[in-house]
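Colleague: Enclosed is the structure file query.txt (compact mmCIF, C-alpha atoms).
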```txt
# COMPACT_ATOMS: atom_id res chain seq x y z
CA MET A 1 0.00 0.00 0.00
CA ASN A 2 1.18 3.53 -0.79
CA ARG A 3 1.69 5.71 2.28
CA LEU A 4 1.56 9.48 2.03
CA TYR A 5 3.36 11.44 4.76
CA HIS A 6 1.65 14.80 4.70
CA TYR A 7 0.40 17.87 6.56
CA PHE A 8 -3.24 19.01 6.38
CA LEU A 9 -2.52 22.64 5.49
CA CYS A 10 0.41 22.03 3.13
CA PRO A 11 -0.69 22.90 -0.46
CA SER A 12 1.78 20.39 -1.98
CA SER A 13 0.46 17.59 0.26
CA ARG A 14 -3.09 18.51 -0.75
CA LEU A 15 -2.11 18.51 -4.43
CA VAL A 16 -0.71 14.98 -4.19
CA ARG A 17 -3.81 13.71 -2.35
CA ILE A 18 -5.98 15.22 -5.10
CA ILE A 19 -3.88 13.73 -7.92
CA LEU A 20 -3.81 10.25 -6.35
CA SER A 21 -7.56 10.42 -5.85
CA GLU A 22 -8.19 11.67 -9.43
CA LYS A 23 -6.02 8.86 -10.83
CA LYS A 24 -7.67 6.30 -8.51
CA ILE A 25 -4.41 5.30 -6.81
CA ASP A 26 -5.00 3.89 -3.30
CA PHE A 27 -3.01 5.33 -0.41
CA GLU A 28 -3.01 5.67 3.36
CA LEU A 29 -2.41 9.02 5.07
CA PHE A 30 0.15 9.64 7.81
CA ILE A 31 0.21 13.10 9.32
CA GLU A 32 3.54 14.78 10.12
CA ASN A 33 4.52 17.99 11.89
CA PHE A 34 5.08 20.57 9.17
CA SER A 35 6.87 23.22 11.21
CA ASP A 36 9.00 20.71 13.12
CA PRO A 37 9.27 17.39 11.22
CA SER A 38 10.16 14.25 13.21
CA GLU A 39 13.58 12.60 12.89
CA GLU A 40 11.87 9.67 11.20
CA TYR A 41 10.47 12.04 8.57
CA LEU A 42 13.85 13.70 8.02
CA LEU A 43 15.34 10.29 7.26
CA LYS A 44 12.83 10.01 4.41
CA ASN A 45 13.47 13.59 3.28
CA PRO A 46 16.51 15.34 4.80
CA ALA A 47 15.42 18.59 3.12
CA GLY A 48 12.32 18.46 5.34
CA PHE A 49 9.68 19.70 2.88
CA PHE A 50 6.35 17.96 2.23
CA PRO A 51 5.01 15.43 1.22
CA VAL A 52 6.78 12.06 0.86
CA LEU A 53 5.10 9.16 -0.90
CA ASN A 54 6.29 5.77 0.32
CA THR A 55 5.35 3.29 -2.41
CA SER A 56 4.29 -0.32 -2.00
CA PHE A 57 7.88 -1.18 -3.08
CA ASN A 58 9.06 0.82 -0.04
CA GLN A 59 10.60 3.54 -2.19
CA ASN A 60 10.36 7.12 -0.89
CA ILE A 61 9.36 9.67 -3.53
CA VAL A 62 10.15 13.12 -2.22
CA GLY A 63 8.16 16.27 -2.97
CA ALA A 64 5.08 17.03 -5.08
CA LEU A 65 6.97 17.73 -8.31
CA VAL A 66 8.88 14.43 -8.25
CA ILE A 67 5.67 12.59 -7.32
CA VAL A 68 3.93 14.22 -10.32
CA GLU A 69 6.64 12.87 -12.66
CA HIS A 70 6.31 9.42 -11.07
CA VAL A 71 2.53 9.43 -11.49
CA GLU A 72 2.87 10.64 -15.10
CA ASN A 73 4.96 7.57 -15.89
CA LEU A 74 2.09 5.34 -14.77
CA MET A 75 0.06 6.67 -17.74
CA LEU A 76 -3.26 6.70 -15.92
CA SER A 77 -6.29 8.72 -16.93
CA PRO A 78 -7.46 11.44 -16.61
CA VAL A 79 -4.71 13.34 -18.47
CA PHE A 80 -3.44 16.46 -16.66
CA LEU A 81 -0.30 17.00 -18.72
CA LYS A 82 -0.77 17.38 -22.45
CA LYS A 83 2.47 16.84 -24.37
CA LYS A 84 2.18 20.15 -26.23
CA ASN A 85 1.90 22.14 -23.00
CA GLU A 86 4.35 20.24 -20.83
CA ASN A 87 7.03 22.93 -20.51
CA GLU A 88 4.50 25.56 -19.49
CA ILE A 89 2.76 23.18 -17.07
CA ARG A 90 6.06 22.28 -15.41
CA ARG A 91 7.07 25.96 -15.20
CA LEU A 92 3.85 26.82 -13.37
CA LEU A 93 4.10 23.79 -11.07
CA HIS A 94 7.50 25.14 -9.98
CA TRP A 95 5.85 28.54 -9.54
CA PHE A 96 3.27 27.16 -7.10
CA GLU A 97 5.76 24.84 -5.36
CA TYR A 98 8.35 27.54 -4.69
CA ASN A 99 7.21 31.11 -5.36
CA PHE A 100 3.56 31.04 -4.33
CA LYS A 101 4.14 28.74 -1.36
CA ASN A 102 7.15 30.65 0.01
CA GLU A 103 5.88 34.16 -0.67
CA VAL A 104 2.24 33.75 0.34
CA ILE A 105 1.26 30.51 2.06
CA ILE A 106 4.15 29.65 4.40
CA PRO A 107 4.40 33.17 5.93
CA LEU A 108 0.62 33.21 6.57
CA LEU A 109 0.65 29.68 8.04
CA ARG A 110 3.58 30.59 10.27
CA GLU A 111 2.03 33.79 11.59
CA LYS A 112 -1.58 32.68 11.85
CA ILE A 113 -1.37 28.97 12.70
CA PHE A 114 2.03 27.72 13.92
CA LYS A 115 2.56 30.67 16.28
CA ARG A 116 -0.82 29.93 17.86
CA PHE A 117 0.62 26.70 19.28
CA ASN A 118 3.76 28.40 20.58
CA LYS A 119 3.07 30.38 23.73
CA ASN A 120 6.13 32.63 23.47
CA SER A 121 5.56 33.99 19.97
CA ILE A 122 3.50 36.89 18.68
CA PRO A 123 2.28 37.01 15.05
CA SER A 124 3.99 39.71 13.00
CA SER A 125 1.40 41.96 11.37
CA GLN A 126 4.14 43.23 9.05
CA THR A 127 4.76 39.71 7.68
CA ILE A 128 1.02 39.14 7.28
CA ARG A 129 0.63 42.40 5.34
CA THR A 130 3.56 41.54 3.07
CA ALA A 131 2.15 38.07 2.33
CA ARG A 132 -1.25 39.57 1.52
CA SER A 133 0.29 42.09 -0.85
CA ASN A 134 2.31 39.25 -2.45
CA LEU A 135 -1.00 37.39 -2.95
CA LYS A 136 -2.33 40.35 -4.94
CA TYR A 137 0.75 40.35 -7.15
CA HIS A 138 0.41 36.60 -7.79
CA MET A 139 -3.33 36.86 -8.55
CA GLN A 140 -2.66 39.65 -11.06
CA TYR A 141 -0.11 37.42 -12.75
CA PHE A 142 -2.49 34.43 -12.78
CA ASN A 143 -5.21 36.60 -14.30
CA TYR A 144 -2.73 37.71 -16.96
CA ILE A 145 -1.67 34.19 -17.95
CA ILE A 146 -5.15 32.69 -17.98
CA LYS A 147 -6.22 35.28 -20.58
CA GLU A 148 -9.26 34.01 -22.50
CA ASN A 149 -8.69 30.37 -21.58
CA ASP A 150 -11.02 28.33 -19.41
CA PHE A 151 -8.07 26.99 -17.37
CA PHE A 152 -4.50 28.05 -16.62
CA VAL A 153 -2.76 26.64 -19.65
CA ASP A 154 -5.44 26.16 -22.26
CA ASP A 155 -9.06 25.05 -22.27
CA THR A 156 -8.36 21.76 -20.50
CA LEU A 157 -7.77 21.04 -16.84
CA SER A 158 -4.10 20.45 -16.00
CA TYR A 159 -1.96 19.81 -12.90
CA VAL A 160 -1.55 23.60 -12.65
CA ASP A 161 -5.26 24.13 -12.01
CA LEU A 162 -5.21 21.42 -9.35
CA PHE A 163 -2.21 23.09 -7.66
CA TYR A 164 -3.98 26.45 -7.85
CA GLY A 165 -7.04 24.87 -6.22
CA SER A 166 -5.07 23.08 -3.50
CA SER A 167 -3.10 26.27 -2.71
CA LEU A 168 -6.21 28.45 -2.51
CA SER A 169 -8.02 25.88 -0.39
CA VAL A 170 -5.31 26.40 2.26
CA LEU A 171 -5.81 30.18 2.14
CA ASP A 172 -9.55 29.52 2.28
CA TYR A 173 -9.15 27.48 5.49
CA ILE A 174 -7.20 30.23 7.24
CA ASP A 175 -9.61 32.91 5.97
CA GLU A 176 -7.10 34.58 3.65
CA LEU A 177 -8.88 34.05 0.35
CA ASN A 178 -8.95 37.17 -1.79
CA PHE A 179 -9.70 37.30 -5.52
CA PHE A 180 -9.18 41.07 -5.88
CA ASP A 181 -12.20 41.19 -8.20
CA PHE A 182 -10.74 38.74 -10.70
CA GLU A 183 -14.03 36.96 -11.46
CA LYS A 184 -12.41 34.33 -13.62
CA LEU A 185 -9.98 33.26 -10.89
CA LYS A 186 -12.86 33.09 -8.44
CA ASN A 187 -14.98 30.94 -10.74
CA LEU A 188 -12.03 28.68 -11.48
CA TYR A 189 -11.43 28.09 -7.78
CA PHE A 190 -15.03 27.08 -7.21
CA ILE A 191 -15.05 24.79 -10.26
CA ILE A 192 -11.95 23.00 -8.94
CA LYS A 193 -13.14 22.96 -5.33
CA SER A 194 -16.32 21.18 -6.51
CA ARG A 195 -14.43 18.18 -7.87
CA PRO A 196 -15.02 14.93 -5.94
CA SER A 197 -11.24 14.67 -5.38
CA PHE A 198 -11.44 17.77 -3.11
CA LYS A 199 -14.16 16.36 -0.90
CA LYS A 200 -11.93 14.60 1.66
CA ILE A 201 -9.56 17.55 1.82
CA LEU A 202 -12.33 20.01 2.59
CA ALA A 203 -13.44 17.71 5.43
CA ASP A 204 -10.03 17.97 7.21
CA ARG A 205 -10.05 19.84 10.50
CA ILE A 206 -7.10 21.13 12.54
CA ILE A 207 -7.88 20.91 16.26
CA GLY A 208 -8.07 24.44 17.64
CA VAL A 209 -8.26 26.10 14.22
CA ASN A 210 -11.68 26.21 12.62
CA PRO A 211 -12.17 27.36 9.03
CA PRO A 212 -14.55 30.26 8.30
CA SER A 213 -18.19 29.25 7.77
CA ASN A 214 -17.92 29.87 4.00
CA TYR A 215 -15.24 27.18 3.70
CA TYR A 216 -17.92 24.50 3.53
CA LYS A 217 -19.72 26.15 0.63
CA LEU A 218 -18.82 25.41 -2.94
CA ASP A 219 -19.85 28.87 -4.13
CA TYR A 220 -20.17 32.19 -2.37
CA MET B 1 18.70 27.74 -33.46
CA ASN B 2 18.34 27.23 -29.69
CA ARG B 3 19.27 30.28 -27.61
CA LEU B 4 20.33 29.91 -24.00
CA TYR B 5 19.94 32.99 -21.80
CA HIS B 6 22.41 32.38 -19.01
CA TYR B 7 24.90 33.78 -16.49
CA PHE B 8 28.53 32.60 -16.35
CA LEU B 9 28.59 31.86 -12.62
CA CYS B 10 25.08 30.41 -12.29
CA PRO B 11 25.39 26.64 -11.57
CA SER B 12 22.03 25.88 -13.24
CA SER B 13 23.08 27.74 -16.39
CA ARG B 14 26.36 25.80 -16.42
CA LEU B 15 24.46 22.52 -15.94
CA VAL B 16 22.28 23.21 -18.99
CA ARG B 17 25.30 24.16 -21.14
CA ILE B 18 26.99 20.89 -20.11
CA ILE B 19 23.89 18.78 -20.84
CA LEU B 20 23.31 20.39 -24.26
CA SER B 21 26.96 19.87 -25.11
CA GLU B 22 26.93 16.22 -23.90
CA LYS B 23 23.78 15.51 -25.94
CA LYS B 24 25.23 17.36 -28.97
CA ILE B 25 22.40 19.89 -29.16
CA ASP B 26 23.49 23.14 -30.84
CA PHE B 27 22.81 26.43 -29.09
CA GLU B 28 23.88 30.06 -28.95
CA LEU B 29 24.71 31.79 -25.66
CA PHE B 30 23.23 35.10 -24.53
CA ILE B 31 24.51 36.49 -21.26
CA GLU B 32 22.09 38.13 -18.81
CA ASN B 33 22.51 40.04 -15.57
CA PHE B 34 21.98 37.50 -12.79
CA SER B 35 21.58 39.89 -9.87
CA ASP B 36 19.43 42.36 -11.81
CA PRO B 37 17.78 40.69 -14.84
CA SER B 38 16.64 42.89 -17.73
CA GLU B 39 12.96 43.54 -18.39
CA GLU B 40 13.27 41.51 -21.56
CA TYR B 41 14.52 38.55 -19.52
CA LEU B 42 11.71 38.92 -17.00
CA LEU B 43 9.20 38.64 -19.84
CA LYS B 44 10.69 35.24 -20.64
CA ASN B 45 10.77 34.23 -16.97
CA PRO B 46 8.82 36.48 -14.57
CA ALA B 47 10.27 34.51 -11.62
CA GLY B 48 13.69 35.81 -12.69
CA PHE B 49 15.81 32.70 -12.06
CA PHE B 50 18.24 31.21 -14.59
CA PRO B 51 18.53 29.94 -17.31
CA VAL B 52 15.89 30.14 -20.07
CA LEU B 53 16.20 28.05 -23.22
CA ASN B 54 14.51 29.62 -26.22
CA THR B 55 13.99 26.80 -28.72
CA SER B 56 14.09 26.98 -32.50
CA PHE B 57 10.26 26.93 -32.33
CA ASN B 58 10.51 30.13 -30.24
CA GLN B 59 9.26 28.41 -27.08
CA ASN B 60 10.78 29.53 -23.78
CA ILE B 61 11.69 26.67 -21.46
CA VAL B 62 12.23 28.06 -18.00
CA GLY B 63 14.73 26.75 -15.45
CA ALA B 64 17.23 23.87 -15.43
CA LEU B 65 14.81 21.25 -14.08
CA VAL B 66 12.17 21.89 -16.75
CA ILE B 67 14.89 21.96 -19.43
CA VAL B 68 16.15 18.56 -18.17
CA GLU B 69 12.64 17.07 -18.63
CA HIS B 70 12.43 18.59 -22.11
CA VAL B 71 15.84 17.17 -23.10
CA GLU B 72 14.90 13.76 -21.64
CA ASN B 73 11.92 13.63 -23.99
CA LEU B 74 14.27 13.98 -26.97
CA MET B 75 15.71 10.53 -26.08
CA LEU B 76 19.28 11.40 -27.02
CA SER B 77 22.37 9.56 -25.82
CA PRO B 78 24.28 9.50 -23.52
CA VAL B 79 21.75 8.42 -20.87
CA PHE B 80 21.89 10.43 -17.64
CA LEU B 81 18.59 9.27 -16.17
CA LYS B 82 18.10 5.56 -15.73
CA LYS B 83 14.47 4.59 -15.28
CA LYS B 84 15.12 2.64 -12.07
CA ASN B 85 16.80 5.65 -10.40
CA GLU B 86 14.60 8.42 -11.70
CA ASN B 87 12.92 9.40 -8.42
CA GLU B 88 16.25 9.65 -6.60
CA ILE B 89 17.86 11.55 -9.48
CA ARG B 90 15.00 14.07 -9.56
CA ARG B 91 15.11 14.45 -5.76
CA LEU B 92 18.81 15.33 -5.89
CA LEU B 93 18.38 17.68 -8.86
CA HIS B 94 15.88 19.61 -6.71
CA TRP B 95 18.46 19.53 -3.89
CA PHE B 96 21.11 21.20 -6.06
CA GLU B 97 18.65 23.59 -7.71
CA TYR B 98 17.14 24.89 -4.47
CA ASN B 99 19.00 23.85 -1.29
CA PHE B 100 22.64 23.87 -2.38
CA LYS B 101 22.25 26.93 -4.61
CA ASN B 102 20.35 29.02 -2.04
CA GLU B 103 22.29 27.96 1.05
CA VAL B 104 25.82 27.95 -0.38
CA ILE B 105 26.30 29.41 -3.85
CA ILE B 106 24.03 32.46 -4.03
CA PRO B 107 25.17 33.92 -0.65
CA LEU B 108 28.83 33.53 -1.66
CA LEU B 109 28.25 35.02 -5.12
CA ARG B 110 26.37 37.94 -3.59
CA GLU B 111 29.02 38.73 -1.00
CA LYS B 112 32.13 38.03 -3.04
CA ILE B 113 31.16 38.98 -6.59
CA PHE B 114 28.02 41.09 -6.97
CA LYS B 115 28.95 43.46 -4.12
CA ARG B 116 32.30 44.08 -5.81
CA PHE B 117 30.46 45.91 -8.60
CA ASN B 118 28.36 47.97 -6.20
CA LYS B 119 30.35 50.76 -4.63
CA ASN B 120 28.06 51.28 -1.65
CA SER B 121 28.03 47.74 -0.30
CA ILE B 122 30.38 45.86 2.01
CA PRO B 123 30.57 42.05 1.99
CA SER B 124 29.19 40.47 5.15
CA SER B 125 31.74 38.15 6.71
CA GLN B 126 28.94 36.63 8.80
CA THR B 127 27.05 35.57 5.63
CA ILE B 128 30.25 34.16 4.12
CA ARG B 129 30.98 32.15 7.26
CA THR B 130 27.43 30.77 7.33
CA ALA B 131 27.59 29.75 3.64
CA ARG B 132 30.95 28.01 4.25
CA SER B 133 29.57 26.09 7.19
CA ASN B 134 26.51 25.17 5.08
CA LEU B 135 28.92 23.83 2.45
CA LYS B 136 30.44 21.50 5.04
CA TYR B 137 27.00 20.20 5.98
CA HIS B 138 26.13 19.58 2.31
CA MET B 139 29.45 17.81 1.62
CA GLN B 140 28.92 15.53 4.60
CA TYR B 141 25.51 14.63 3.23
CA PHE B 142 26.89 14.03 -0.28
CA ASN B 143 29.59 11.79 1.16
CA TYR B 144 26.90 9.88 3.04
CA ILE B 145 24.69 9.29 -0.01
CA ILE B 146 27.51 8.34 -2.40
CA LYS B 147 28.50 5.49 -0.05
CA GLU B 148 30.47 2.86 -1.96
CA ASN B 149 29.19 3.98 -5.37
CA ASP B 150 31.37 5.49 -8.08
CA PHE B 151 28.82 8.26 -8.69
CA PHE B 152 26.01 9.93 -6.76
CA VAL B 153 23.19 7.52 -7.47
CA ASP B 154 24.87 4.29 -8.52
CA ASP B 155 27.92 3.33 -10.54
CA THR B 156 26.85 5.28 -13.62
CA LEU B 157 27.08 8.98 -14.37
CA SER B 158 23.75 10.80 -14.00
CA TYR B 159 22.42 14.37 -14.21
CA VAL B 160 23.12 14.63 -10.47
CA ASP B 161 26.89 14.24 -10.97
CA LEU B 162 26.82 16.89 -13.71
CA PHE B 163 24.93 19.28 -11.40
CA TYR B 164 27.42 18.53 -8.61
CA GLY B 165 30.27 19.32 -11.04
CA SER B 166 28.68 22.51 -12.38
CA SER B 167 27.94 23.74 -8.83
CA LEU B 168 31.44 23.05 -7.57
CA SER B 169 33.01 24.66 -10.64
CA VAL B 170 31.34 27.93 -9.56
CA LEU B 171 32.80 27.59 -6.05
CA ASP B 172 36.12 26.74 -7.69
CA TYR B 173 36.05 29.97 -9.73
CA ILE B 174 35.46 32.13 -6.66
CA ASP B 175 38.07 30.19 -4.65
CA GLU B 176 35.57 28.61 -2.25
CA LEU B 177 36.19 24.96 -3.06
CA ASN B 178 36.55 22.81 0.06
CA PHE B 179 36.27 19.02 0.17
CA PHE B 180 36.73 18.74 3.97
CA ASP B 181 38.94 15.67 3.42
CA PHE B 182 36.25 13.73 1.57
CA GLU B 183 38.61 12.15 -0.97
CA LYS B 184 35.83 10.55 -2.96
CA LEU B 185 34.02 13.85 -3.48
CA LYS B 186 37.30 15.45 -4.54
CA ASN B 187 38.05 12.70 -7.05
CA LEU B 188 34.53 12.83 -8.41
CA TYR B 189 34.79 16.58 -9.02
CA PHE B 190 38.01 16.18 -10.99
CA ILE B 191 36.59 13.28 -13.02
CA ILE B 192 33.60 15.42 -14.00
CA LYS B 193 35.65 18.58 -14.54
CA SER B 194 37.80 16.63 -17.05
CA ARG B 195 34.88 15.90 -19.34
CA PRO B 196 35.06 17.66 -22.74
CA SER B 197 31.63 19.22 -22.03
CA PHE B 198 33.25 21.28 -19.21
CA LYS B 199 35.98 22.72 -21.41
CA LYS B 200 34.11 25.81 -22.65
CA ILE B 201 32.76 26.53 -19.19
CA LEU B 202 36.19 26.51 -17.60
CA ALA B 203 37.35 28.98 -20.25
CA ASP B 204 34.74 31.59 -19.20
CA ARG B 205 36.14 34.70 -17.56
CA ILE B 206 34.30 37.42 -15.65
CA ILE B 207 35.92 40.81 -16.25
CA GLY B 208 37.42 42.01 -13.00
CA VAL B 209 37.16 38.64 -11.27
CA ASN B 210 39.93 36.18 -11.97
CA PRO B 211 39.74 32.56 -10.82
CA PRO B 212 42.55 31.15 -8.62
CA SER B 213 45.48 29.65 -10.54
CA ASN B 214 44.39 26.10 -9.64
CA TYR B 215 41.12 26.61 -11.51
CA TYR B 216 42.84 25.79 -14.81
CA LYS B 217 44.18 22.48 -13.55
CA LEU B 218 42.20 19.30 -13.83
CA ASP B 219 43.73 17.79 -10.70
CA TYR B 220 45.41 19.35 -7.67
```
Would you mind writing the file out in structure tokens?
Modeller:
Amino acid sequence: MNRLYHYFLCPSSRLVRIILSEKKIDFELFIENFSDPSEEYLLKNPAGFFPVLNTSFNQNIVGALVIVEHVENLMLSPVFLKKKNENEIRRLLHWFEYNFKNEVIIPLLREKIFKRFNKNSIPSSQTIRTARSNLKYHMQYFNYIIKENDFFVDDTLSYVDLFYGSSLSVLDYIDELNFFDFEKLKNLYFIIKSRPSFKKILADRIIGVNPPSNYYKLDY
Amino acid sequence: MNRLYHYFLCPSSRLVRIILSEKKIDFELFIENFSDPSEEYLLKNPAGFFPVLNTSFNQNIVGALVIVEHVENLMLSPVFLKKKNENEIRRLLHWFEYNFKNEVIIPLLREKIFKRFNKNSIPSSQTIRTARSNLKYHMQYFNYIIKENDFFVDDTLSYVDLFYGSSLSVLDYIDELNFFDFEKLKNLYFIIKSRPSFKKILADRIIGVNPPSNYYKLDY
């Protein structure tokens, strides 16, 4: 059985859960501490980032982007990486994995969630403001690249749209969703959030941190 | 004709030049400002990192890891990614692209090279010391994963060894090479540095920044 070592509010962990579910690959979930990974986890991935997929052959596949390449090689439907768009899809996967996560999601998680469980730390409103202004910059860029398409890369759903959805679902949980009036980006998020593969993820709850009431809704 | 937009002392740019040369793919070089990319470059890659390969079909392929996947699809010899090792090879490519570059190379380049061309800035000896101690940590890890193998992943040369060589050749140029008595890592560097694909790279010179005299030698 495949085992996925993940964290509930990690967008890359959510992406992998969604992909495995879309491709109908069975797996078991094992939760890990995102802000302070266990020694056992660091043996699987010394770089410490999330997630790790431990396959039924006991091989550790480290990180969402390497897991995506592994899953691609299994040639399962549905198709999320069309040959003609593969360079652009991979470029944007890197964008979500590194730029969007590090400039928007991790700072907000650190200030709003992790510090809540650490009695001696106070959230920095400066960091929160910077992350929110970074979000605006990213959303403007996303709006620019989507252009007249239905989805990020062309008119078909790709891994990029799933990563966009998984990333925004984390912001949604911590009440930091903001579409800055980009109607198309808003609609796209709700289309992706409505997929059956998102159902389990939206049911996750962190003890002591409740999502806003709108989080349950598939359109608002 | 393929055009590679690169920077002389960027390890990822050097990796792509080496791979294209090993696979006998023709390309022209266009140098860009690494620490302050031009607007034209940012249109090709808004994230600003290096390099970008502009193909003969005028498609921009952004970043070394996406370029590696593109080249892999061309199925050219020699083989640097064996199917059975592909997850481990990709994991280590990410390690060099993000961890090693950001924790060792970029801080040293910034303090020792880029600040030299900026009259109002003083190199931080604290940052240099931290980067050097990070290098030791990375080399210990590399020594641990190589084990009894001839190369990083098994006994055959892979993309990982080329990335190791291209990264160390940058440290070599700025006189920051240190093997911390790991003989195997030292030998591996000189084996890779002796490959014909490294020849052009070792001939590069930055005006105002000369490499140490040992840089020319293939063993010392």
Colleague: Need the shell around range 196-205 of chain A: protein/DNA/RNA residues with any atom at most 10 Å away, counting all atoms listed in the file. Skip same-chain ones fewer than 5 positions apart. Format as a list in words?
Modeller: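 Within the cut-off, the hits are Phe8, Leu9, Arg14, Leu15, Arg17, Ile18, Ile19, Leu20, Ser21, Glu22, Lys23, Lys24, Leu162, Gly165, Ser166, Ser169, Val170, Asp172, Tyr173, Asn210, Pro211, Tyr215, Tyr216 and Lys217 of chain A.
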Colleague: Write down, as JSON, numbers by chain, each residue of chain A that has any atom within 7 Å of an atom of chain B, counting only C-alpha atoms.
Modeller: {"A": [61, 62, 66, 87, 90, 91]}
Colleague: Find the residues around Gln140 in chain B up to 10 Å (all atoms listed in the file counted), leave out those fewer than 5 positions away in its own chain, and share them as a PyMOL selection string.
Modeller: chain B and resi 134-135+145+179-180+182+185
Colleague: Just the residues within 7 Å of Ser12 in chain A, please, counting all atoms listed in the file, with nothing from its chain fewer than 2 positions along; format it as a PDB file with C-alpha atoms, in the frame of the given file.
Modeller:
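What follows is the written file selection32.pdb:
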```
ATOM      1  CA  CYS A  10       0.410  22.030   3.130  1.00  0.00           C
ATOM      2  CA  ARG A  14      -3.090  18.510  -0.750  1.00  0.00           C
ATOM      3  CA  LEU A  15      -2.110  18.510  -4.430  1.00  0.00           C
ATOM      4  CA  VAL A  16      -0.710  14.980  -4.190  1.00  0.00           C
ATOM      5  CA  PHE A  50       6.350  17.960   2.230  1.00  0.00           C
ATOM      6  CA  PRO A  51       5.010  15.430   1.220  1.00  0.00           C
ATOM      7  CA  ALA A  64       5.080  17.030  -5.080  1.00  0.00           C
ATOM      8  CA  GLU A  97       5.760  24.840  -5.360  1.00  0.00           C
TER       9      GLU A  97
END
```
Colleague: Nearest to Lys112 in chain B among B:Asn214, B:Thr55, B:Ser77, B:Thr127, with distances taken over all atoms listed in the file: which residue is it?
Modeller: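 That would be B:Thr127, the residue with the smallest distance to Lys112 in chain B.
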Colleague: Write out as an mmCIF file with C-alpha atoms, in the coordinates of the input which residues come within 12 Å of Val104 in chain A when counting only C-alpha atoms, dropping same-chain ones fewer than 5 positions away.
Modeller:
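File written: part_10.cif
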```cif
data_model
loop_
_atom_site.group_PDB
_atom_site.id
_atom_site.type_symbol
_atom_site.label_atom_id
_atom_site.label_comp_id
_atom_site.auth_asym_id
_atom_site.auth_seq_id
_atom_site.Cartn_x
_atom_site.Cartn_y
_atom_site.Cartn_z
ATOM 1 C CA PRO A 11 -0.690 22.900 -0.460
ATOM 2 C CA TRP A 95 5.850 28.540 -9.540
ATOM 3 C CA PHE A 96 3.270 27.160 -7.100
ATOM 4 C CA GLU A 97 5.760 24.840 -5.360
ATOM 5 C CA TYR A 98 8.350 27.540 -4.690
ATOM 6 C CA ASN A 99 7.210 31.110 -5.360
ATOM 7 C CA LEU A 109 0.650 29.680 8.040
ATOM 8 C CA ARG A 110 3.580 30.590 10.270
ATOM 9 C CA GLU A 111 2.030 33.790 11.590
ATOM 10 C CA THR A 127 4.760 39.710 7.680
ATOM 11 C CA ILE A 128 1.020 39.140 7.280
ATOM 12 C CA ARG A 129 0.630 42.400 5.340
ATOM 13 C CA THR A 130 3.560 41.540 3.070
ATOM 14 C CA ALA A 131 2.150 38.070 2.330
ATOM 15 C CA ARG A 132 -1.250 39.570 1.520
ATOM 16 C CA SER A 133 0.290 42.090 -0.850
ATOM 17 C CA ASN A 134 2.310 39.250 -2.450
ATOM 18 C CA LEU A 135 -1.000 37.390 -2.950
ATOM 19 C CA LYS A 136 -2.330 40.350 -4.940
ATOM 20 C CA TYR A 137 0.750 40.350 -7.150
ATOM 21 C CA HIS A 138 0.410 36.600 -7.790
ATOM 22 C CA MET A 139 -3.330 36.860 -8.550
ATOM 23 C CA SER A 167 -3.100 26.270 -2.710
ATOM 24 C CA LEU A 168 -6.210 28.450 -2.510
ATOM 25 C CA VAL A 170 -5.310 26.400 2.260
ATOM 26 C CA LEU A 171 -5.810 30.180 2.140
ATOM 27 C CA GLU A 176 -7.100 34.580 3.650
ATOM 28 C CA LEU A 177 -8.880 34.050 0.350
ATOM 29 C CA ASN A 178 -8.950 37.170 -1.790
#
```
Colleague: Would you please work out which residue, of B:Pro78, B:Lys184, B:Pro107, B:Phe49, is nearest to Asp36 in chain B when using all atoms listed in the file?
Modeller: B:Phe49
Colleague: What is the distance between CA of Ile113 in chain A and CA of Arg3 in chain A, in Å to one decimal?
Modeller: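 Taking CA of Ile113 in chain A and CA of Arg3 in chain A, their separation equals 25.7 Å.
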Colleague: Return the padded bounding box of range 30-49 of chain B as JSON: axis-aligned, built from all atoms listed in the file, 3 Å added on each side, with centre and edge lengths in Å to one decimal.
Modeller:
```
{"center_x": 16.7, "center_y": 38.1, "center_z": -17.2, "size_x": 21.7, "size_y": 16.8, "size_z": 20.7}
```
Colleague: Would you pick out the contacts of Phe80 in chain A at 8 Å or less, using only C-alpha atoms, so that residues sharing its chain but fewer than 3 positions from it are not included, and give the list as a list in words?
Modeller: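 Counting only C-alpha atoms, the residues come to Leu157, Ser158 and Tyr159 of chain A.
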Colleague: Which residue gives the smallest distance to Lys44 in chain A among A:Asn58, A:Ser213, A:Ser194, A:Asn187, with only C-alpha atoms counted?
Modeller: A:Asn58
Colleague: Go ahead and compute the interatomic distance for CA of Ile146 in chain B and CA of Arg195 in chain B, in Å to one decimal.
Modeller: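 Pair CA of Ile146 in chain B / CA of Arg195 in chain B returns 20.0 Å.
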Colleague: By how many Å are CA of Ile207 in chain A and CA of Leu188 in chain A apart?
Modeller: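 Separating CA of Ile207 in chain A from CA of Leu188 in chain A is a distance of 29.1 Å.
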